[in-house]
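Contents: one structure, followed by commentary.
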Amino acid sequence: MKEYIENVLHQDIQIVPYEEAQRLPLALKGGFRFFLMSINGQDVLVATPAQKSSLPELRKHQRQLEVYTGLPCVLYLREMNYYSRDVMIREGIPFVWEGHQIYLPFIGMLINENKRQAVKTCFRISYLTQKLLLVALYQSWYRVTVTKAAELLGVSKMSVTRCFDELEALDVSYLTIRSRARNITADPYKKAMWEQIRPILRNPVIAVYTLNERPDIELPMAGTMALSHYSMLDEGRYPILAVTKKKLADIRISGNMLTPAGEDPGCIIQEIGYQIPFENGIAVDPLTVALSLSEEELSDPRISMAVDEMLEEYVW
């Protein structure tokens, strides 16, 4: 493997066993041998199938591995046909076809008989995809297409198409694919859907600002303050509010507005990656609240019980 890649690229590379393979889902870690390759200063995952796999399986598993590891994933294949090669190039799937060809879109080159061409980059899960999943759960979507989802979310069809691509890569079962048509149908049992999608969801908090005083702008409650709004949890000592990137510019946070280290803040602002309208908009939606809480906060029995109470009352 190392010798072939170095000979084709005409440069030294480093390849070592991938040490985090045990953290991967069983279906993935049992189907491949994994290596960590360093090329041009960039780390990439190299996955060699343990047995011959179909093109749809390789396509799905390659995208899942990129999402789960956060690394570009290169399939190292000893057996391949020209149809599969053409499909992988068209879809931007990195591969090494031993003895034949190397295709590395993440460094922008196709190497085949000393020819090179620019190619597209790979993707990762986004906050918009997360918002789409949560809205689908809240609204009990049924066979919602790209066009309808774009209308419901108020975004472009191209944005939703990228969301659907990510859901397909994650193999989310609520995305149905028939020929070229794709749609989303939510589980009528919302708690079951939440438990299934929870491992792939991200903390929506991008940044936290501790301010001397509450800004003179209407913002929804967030964090444990929102949790106390939805449950019997006591309110904290200071307000916690949420703001999107667009609204953050309106606050115009400056250095003299920030609370000095060691002092209690007058207000905490959480910048979040998306906002889902919920009830009267006084607080961030319950599922986003649950996702925004830290491990330390959730280790508090009062908070974990309040989360269960909130979800039971407002979501399930």
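Residue numbering restarts at 1 for every chain of the structure tokens, chains are lettered A, B, ... in their displayed order, and ligands are numbered from 1 as they appear.
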Residues of region 127-273 of chain A in strand (DSSP E or B), written as a CSV table (one decimal) with C-alpha atoms, in the first residue's frame:
chain,number,residue,atom,x,y,z
A,144,VAL,CA,-41.7,15.3,2.8
A,145,THR,CA,-39.7,16.0,-0.4
A,175,LEU,CA,-34.8,9.2,4.7
A,176,THR,CA,-36.5,7.1,2.1
A,177,ILE,CA,-34.8,6.6,-1.3
A,178,ARG,CA,-36.7,5.3,-4.3
A,181,ALA,CA,-36.6,10.4,-5.4
A,182,ARG,CA,-35.9,11.0,-1.7
A,183,ASN,CA,-38.3,12.0,1.1
A,184,ILE,CA,-38.4,12.1,4.9
A,205,VAL,CA,-23.8,26.2,21.1
A,206,ILE,CA,-21.1,27.7,19.0
A,207,ALA,CA,-19.8,30.3,21.5
A,208,VAL,CA,-20.6,31.6,25.0
A,209,TYR,CA,-20.3,35.3,26.1
A,210,THR,CA,-20.5,36.4,29.7
A,211,LEU,CA,-21.7,40.0,29.9
A,221,MET,CA,-34.1,31.9,27.1
A,240,ILE,CA,-29.0,32.7,29.9
A,241,LEU,CA,-30.1,33.8,26.5
A,242,ALA,CA,-29.7,32.5,22.9
A,243,VAL,CA,-28.7,34.4,19.8
A,258,LEU,CA,-17.6,41.2,29.0
A,267,CYS,CA,-26.1,37.7,31.7
A,268,ILE,CA,-24.8,34.8,29.6
A,269,ILE,CA,-25.3,34.8,25.8
A,270,GLN,CA,-25.1,31.5,23.9
A,271,GLU,CA,-24.6,31.8,20.2
A,272,ILE,CA,-26.4,28.8,18.6
(message) Env of Leu201 (chain A): 12 Å cut, atoms = only C-alpha atoms, seq-sep filter 6 positions within chain, self excluded. Answer as a ChimeraX atom specification.
(response) /A:67-68,125-134,167,170,172,194-195,287-288,290-292
So that I have them on file, write out the residues from the current selection with C-alpha atoms, as a PDB file, in the first residue's frame.
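Result file is result-v5.pdb:
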ATOM      1  CA  VAL A  67     -18.907  11.625   9.405  1.00  0.00           C
ATOM      2  CA  TYR A  68     -17.956   9.391  12.352  1.00  0.00           C
ATOM      3  CA  ILE A 125     -22.970  17.209   8.865  1.00  0.00           C
ATOM      4  CA  SER A 126     -24.283  20.742   9.333  1.00  0.00           C
ATOM      5  CA  TYR A 127     -26.502  22.584  11.781  1.00  0.00           C
ATOM      6  CA  LEU A 128     -29.105  22.978   9.047  1.00  0.00           C
ATOM      7  CA  THR A 129     -29.321  19.193   8.749  1.00  0.00           C
ATOM      8  CA  GLN A 130     -29.769  18.986  12.508  1.00  0.00           C
ATOM      9  CA  LYS A 131     -32.510  21.600  12.382  1.00  0.00           C
ATOM     10  CA  LEU A 132     -34.212  19.677   9.569  1.00  0.00           C
ATOM     11  CA  LEU A 133     -34.234  16.466  11.614  1.00  0.00           C
ATOM     12  CA  LEU A 134     -35.630  18.155  14.715  1.00  0.00           C
ATOM     13  CA  LEU A 167     -28.646  12.086   5.992  1.00  0.00           C
ATOM     14  CA  LEU A 170     -25.315   8.857   7.930  1.00  0.00           C
ATOM     15  CA  VAL A 172     -30.587   7.770   8.741  1.00  0.00           C
ATOM     16  CA  TRP A 194     -35.027  11.014  19.252  1.00  0.00           C
ATOM     17  CA  GLU A 195     -33.149   8.059  20.721  1.00  0.00           C
ATOM     18  CA  LEU A 287     -34.745  19.330  22.080  1.00  0.00           C
ATOM     19  CA  THR A 288     -32.189  22.047  21.393  1.00  0.00           C
ATOM     20  CA  ALA A 290     -31.376  19.200  25.873  1.00  0.00           C
ATOM     21  CA  LEU A 291     -28.567  19.159  23.303  1.00  0.00           C
ATOM     22  CA  SER A 292     -27.023  22.384  24.660  1.00  0.00           C
TER      23      SER A 292
END
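Take the candidates A:Ser140, A:Thr48, A:Thr147, A:Gln64 and check each one against Asp165 (chain A) using only C-alpha atoms; the shortest distance goes to A:Gln64.
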Surrounding residues of region 213-218 of chain A excluding itself and chain neighbours under 6 positions, 12 Å, only C-alpha atoms, as an mmCIF file with C-alpha atoms, in the first residue's frame:
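Result saved to selection-v2.cif:
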data_model
loop_
_atom_site.group_PDB
_atom_site.id
_atom_site.type_symbol
_atom_site.label_atom_id
_atom_site.label_comp_id
_atom_site.auth_asym_id
_atom_site.auth_seq_id
_atom_site.Cartn_x
_atom_site.Cartn_y
_atom_site.Cartn_z
ATOM 1 C CA TYR A 238 -28.416 35.058 36.059
ATOM 2 C CA PRO A 239 -30.249 34.932 32.738
ATOM 3 C CA ILE A 240 -29.027 32.675 29.921
ATOM 4 C CA LEU A 241 -30.140 33.777 26.475
ATOM 5 C CA ALA A 242 -29.712 32.452 22.936
ATOM 6 C CA VAL A 243 -28.703 34.373 19.834
ATOM 7 C CA LYS A 247 -28.688 38.617 15.777
ATOM 8 C CA LEU A 248 -25.269 38.583 17.421
ATOM 9 C CA ALA A 249 -24.210 41.416 15.122
ATOM 10 C CA ASP A 250 -27.054 43.528 16.514
ATOM 11 C CA ILE A 251 -25.717 43.228 20.072
ATOM 12 C CA ARG A 252 -22.262 44.477 19.029
ATOM 13 C CA ILE A 253 -20.398 42.831 21.887
ATOM 14 C CA SER A 254 -17.252 44.732 22.863
ATOM 15 C CA ASN A 256 -15.943 46.416 28.042
ATOM 16 C CA MET A 257 -19.246 44.481 27.964
ATOM 17 C CA LEU A 258 -17.554 41.211 29.016
ATOM 18 C CA THR A 259 -17.477 40.141 32.668
ATOM 19 C CA ASP A 264 -20.407 36.784 38.438
ATOM 20 C CA PRO A 265 -21.923 37.708 35.065
ATOM 21 C CA GLY A 266 -25.044 39.797 34.672
ATOM 22 C CA CYS A 267 -26.064 37.659 31.710
ATOM 23 C CA ILE A 268 -24.801 34.776 29.596
ATOM 24 C CA ILE A 269 -25.303 34.776 25.829
ATOM 25 C CA GLY A 281 -40.680 31.956 21.139
ATOM 26 C CA ILE A 282 -39.910 32.828 24.770
ATOM 27 C CA ALA A 283 -37.397 29.968 25.011
#
(request) Figure out the distance between CA of Arg59 (chain A) and CA of Glu168 (chain A), please, to one decimal in Å. (result) 10.1 Å
Please, which residues of region 42-270 of chain A, numbered as in this document, come out alpha helix (DSSP H) from DSSP, as an mmCIF file with C-alpha atoms, in the first residue's frame?
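Final output, saved to selection38.cif:
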data_model
loop_
_atom_site.group_PDB
_atom_site.id
_atom_site.type_symbol
_atom_site.label_atom_id
_atom_site.label_comp_id
_atom_site.auth_asym_id
_atom_site.auth_seq_id
_atom_site.Cartn_x
_atom_site.Cartn_y
_atom_site.Cartn_z
ATOM 1 C CA LEU A 55 -20.667 -0.250 -4.926
ATOM 2 C CA PRO A 56 -23.740 0.928 -2.921
ATOM 3 C CA GLU A 57 -22.211 -0.539 0.264
ATOM 4 C CA LEU A 58 -18.841 1.106 -0.384
ATOM 5 C CA ARG A 59 -20.507 4.440 -1.143
ATOM 6 C CA LYS A 60 -22.579 4.354 2.055
ATOM 7 C CA HIS A 61 -19.774 3.163 4.343
ATOM 8 C CA GLN A 62 -17.243 5.671 2.987
ATOM 9 C CA ARG A 63 -19.547 8.586 3.760
ATOM 10 C CA GLN A 64 -20.413 7.206 7.196
ATOM 11 C CA LEU A 65 -16.713 6.862 8.040
ATOM 12 C CA GLU A 66 -16.085 10.510 7.116
ATOM 13 C CA VAL A 67 -18.907 11.625 9.405
ATOM 14 C CA TYR A 68 -17.956 9.391 12.352
ATOM 15 C CA THR A 69 -14.198 10.124 12.237
ATOM 16 C CA TYR A 82 -14.252 0.840 -14.570
ATOM 17 C CA TYR A 83 -17.948 1.454 -13.982
ATOM 18 C CA SER A 84 -17.366 1.719 -10.206
ATOM 19 C CA ARG A 85 -14.356 3.934 -10.826
ATOM 20 C CA ASP A 86 -16.383 6.342 -12.965
ATOM 21 C CA VAL A 87 -19.210 6.497 -10.397
ATOM 22 C CA MET A 88 -16.780 7.211 -7.538
ATOM 23 C CA ILE A 89 -15.086 9.999 -9.479
ATOM 24 C CA ARG A 90 -18.437 11.503 -10.431
ATOM 25 C CA GLU A 91 -19.599 11.427 -6.788
ATOM 26 C CA TYR A 127 -26.502 22.584 11.781
ATOM 27 C CA LEU A 128 -29.105 22.978 9.047
ATOM 28 C CA THR A 129 -29.321 19.193 8.749
ATOM 29 C CA GLN A 130 -29.769 18.986 12.508
ATOM 30 C CA LYS A 131 -32.510 21.600 12.382
ATOM 31 C CA LEU A 132 -34.212 19.677 9.569
ATOM 32 C CA LEU A 133 -34.234 16.466 11.614
ATOM 33 C CA LEU A 134 -35.630 18.155 14.715
ATOM 34 C CA VAL A 135 -38.325 19.997 12.770
ATOM 35 C CA ALA A 136 -39.269 16.720 11.082
ATOM 36 C CA LEU A 137 -39.635 15.153 14.532
ATOM 37 C CA TYR A 138 -41.661 18.030 15.987
ATOM 38 C CA GLN A 139 -43.966 18.316 12.989
ATOM 39 C CA VAL A 146 -36.773 18.321 -0.951
ATOM 40 C CA THR A 147 -39.128 20.943 -2.354
ATOM 41 C CA LYS A 148 -41.550 20.707 0.574
ATOM 42 C CA ALA A 149 -38.745 20.667 3.170
ATOM 43 C CA ALA A 150 -37.238 23.806 1.627
ATOM 44 C CA GLU A 151 -40.644 25.490 1.894
ATOM 45 C CA LEU A 152 -41.132 24.409 5.527
ATOM 46 C CA LEU A 153 -37.647 25.526 6.584
ATOM 47 C CA LYS A 157 -33.807 23.553 -2.426
ATOM 48 C CA MET A 158 -30.036 23.318 -2.910
ATOM 49 C CA SER A 159 -29.505 23.667 0.864
ATOM 50 C CA VAL A 160 -32.025 20.912 1.597
ATOM 51 C CA THR A 161 -30.477 18.707 -1.089
ATOM 52 C CA ARG A 162 -27.178 18.939 0.798
ATOM 53 C CA CYS A 163 -29.028 18.032 4.016
ATOM 54 C CA PHE A 164 -30.517 14.970 2.332
ATOM 55 C CA ASP A 165 -27.027 14.005 1.116
ATOM 56 C CA GLU A 166 -25.749 14.148 4.673
ATOM 57 C CA LEU A 167 -28.646 12.086 5.992
ATOM 58 C CA GLU A 168 -27.999 9.492 3.313
ATOM 59 C CA ALA A 169 -24.323 9.383 4.298
ATOM 60 C CA LYS A 190 -41.129 10.747 18.757
ATOM 61 C CA LYS A 191 -39.137 9.396 21.676
ATOM 62 C CA ALA A 192 -37.971 6.436 19.570
ATOM 63 C CA MET A 193 -36.865 8.780 16.783
ATOM 64 C CA TRP A 194 -35.027 11.014 19.252
ATOM 65 C CA GLU A 195 -33.149 8.059 20.721
ATOM 66 C CA GLN A 196 -32.102 6.895 17.266
ATOM 67 C CA ILE A 197 -30.867 10.238 15.947
ATOM 68 C CA GLY A 223 -29.627 26.537 28.651
ATOM 69 C CA THR A 224 -30.781 25.872 32.203
ATOM 70 C CA MET A 225 -32.873 29.055 32.156
ATOM 71 C CA ALA A 226 -34.951 27.613 29.313
ATOM 72 C CA LEU A 227 -35.023 24.287 31.129
ATOM 73 C CA SER A 228 -36.501 25.991 34.217
ATOM 74 C CA HIS A 229 -39.127 27.566 31.959
ATOM 75 C CA TYR A 230 -40.182 24.112 30.724
ATOM 76 C CA LYS A 245 -25.113 34.668 14.278
ATOM 77 C CA LYS A 246 -27.279 37.240 12.508
ATOM 78 C CA LYS A 247 -28.688 38.617 15.777
ATOM 79 C CA LEU A 248 -25.269 38.583 17.421
ATOM 80 C CA ALA A 249 -24.210 41.416 15.122
ATOM 81 C CA ASP A 250 -27.054 43.528 16.514
ATOM 82 C CA ILE A 251 -25.717 43.228 20.072
#
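The two atoms in question, CA of Tyr189 (chain A) and CA of Val315 (chain A), are spaced 10.3 Å apart.
Residue nearest Val16 (chain A), chosen from A:Asp171, A:Glu263, A:Glu235, A:Asp43 and counting only C-alpha atoms: A:Asp43.
Here CA of Phe106 (chain A) stands at a distance of 27.6 Å from CA of Tyr274 (chain A).
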(message) Taking only C-alpha atoms into account, name the residue in A:Ile93, A:Leu26, A:Met232, A:Ile13 that is nearest to Gln42 (chain A).
(response) A:Ile13
(request) Skip Ile303 (chain A) itself and residues of its chain fewer than 2 positions away, then list as a list in words all residues within 10 Å of it, counting only C-alpha atoms. (result) Thr224, Leu227, Ser228, Ser231, Met232, Leu233, Asp234, Ala290, Leu293, Glu297, Leu298, Ser299, Asp300, Pro301, Met305, Ala306, Val307, Asp308 and Glu309 of chain A
What lies within 9 Å of Glu19 (chain A) using only C-alpha atoms, ignoring chain neighbours under 3 positions off, as a CSV table (one decimal) with N, CA and C atoms, in the first residue's frame?
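Saved file part_24.csv follows:
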chain,number,residue,atom,x,y,z
A,16,VAL,N,0.1,4.5,9.4
A,16,VAL,CA,0.1,3.8,10.7
A,16,VAL,C,-1.3,3.2,10.9
A,22,GLN,N,-12.0,1.2,17.4
A,22,GLN,CA,-12.9,0.5,18.3
A,22,GLN,C,-14.1,1.4,18.7
A,34,PHE,N,-8.3,-0.5,9.0
A,34,PHE,CA,-8.2,1.0,9.0
A,34,PHE,C,-6.7,1.4,9.2
A,35,PHE,N,-6.3,2.5,8.5
A,35,PHE,CA,-5.0,3.0,8.6
A,35,PHE,C,-5.1,4.6,8.6
A,36,LEU,N,-4.2,5.2,9.3
A,36,LEU,CA,-4.1,6.7,9.3
A,36,LEU,C,-3.0,7.1,8.4
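Taking only C-alpha atoms, the non-local environment of Asp12 (chain A) within 10 Å (same-chain residues fewer than 6 positions away omitted) comprises Lys2, Glu3, Ile5, Glu6, Ser38, Ile39 and Asn40 of chain A.
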Can I get the selected residues back with N, CA and C atoms, as a short mmCIF file (atom, residue, chain, number, x, y, z; two decimals), in the first residue's frame?
data_model
loop_
_atom_site.label_atom_id
_atom_site.label_comp_id
_atom_site.auth_asym_id
_atom_site.auth_seq_id
_atom_site.Cartn_x
_atom_site.Cartn_y
_atom_site.Cartn_z
N LYS A 2 1.75 1.37 0.97
CA LYS A 2 2.59 2.56 1.12
C LYS A 2 3.48 2.75 -0.11
N GLU A 3 4.08 1.66 -0.57
CA GLU A 3 5.01 1.72 -1.70
C GLU A 3 4.28 2.18 -2.97
N ILE A 5 1.42 3.94 -3.28
CA ILE A 5 0.99 5.34 -3.20
C ILE A 5 2.18 6.28 -3.34
N GLU A 6 3.31 5.96 -2.70
CA GLU A 6 4.49 6.82 -2.80
C GLU A 6 5.03 6.86 -4.22
N SER A 38 -0.79 10.15 6.45
CA SER A 38 -0.45 11.57 6.44
C SER A 38 0.14 11.91 5.08
N ILE A 39 -0.52 12.84 4.38
CA ILE A 39 -0.08 13.22 3.05
C ILE A 39 -0.18 14.73 2.90
N ASN A 40 0.90 15.36 2.48
CA ASN A 40 0.93 16.82 2.36
C ASN A 40 0.52 17.50 3.66
#
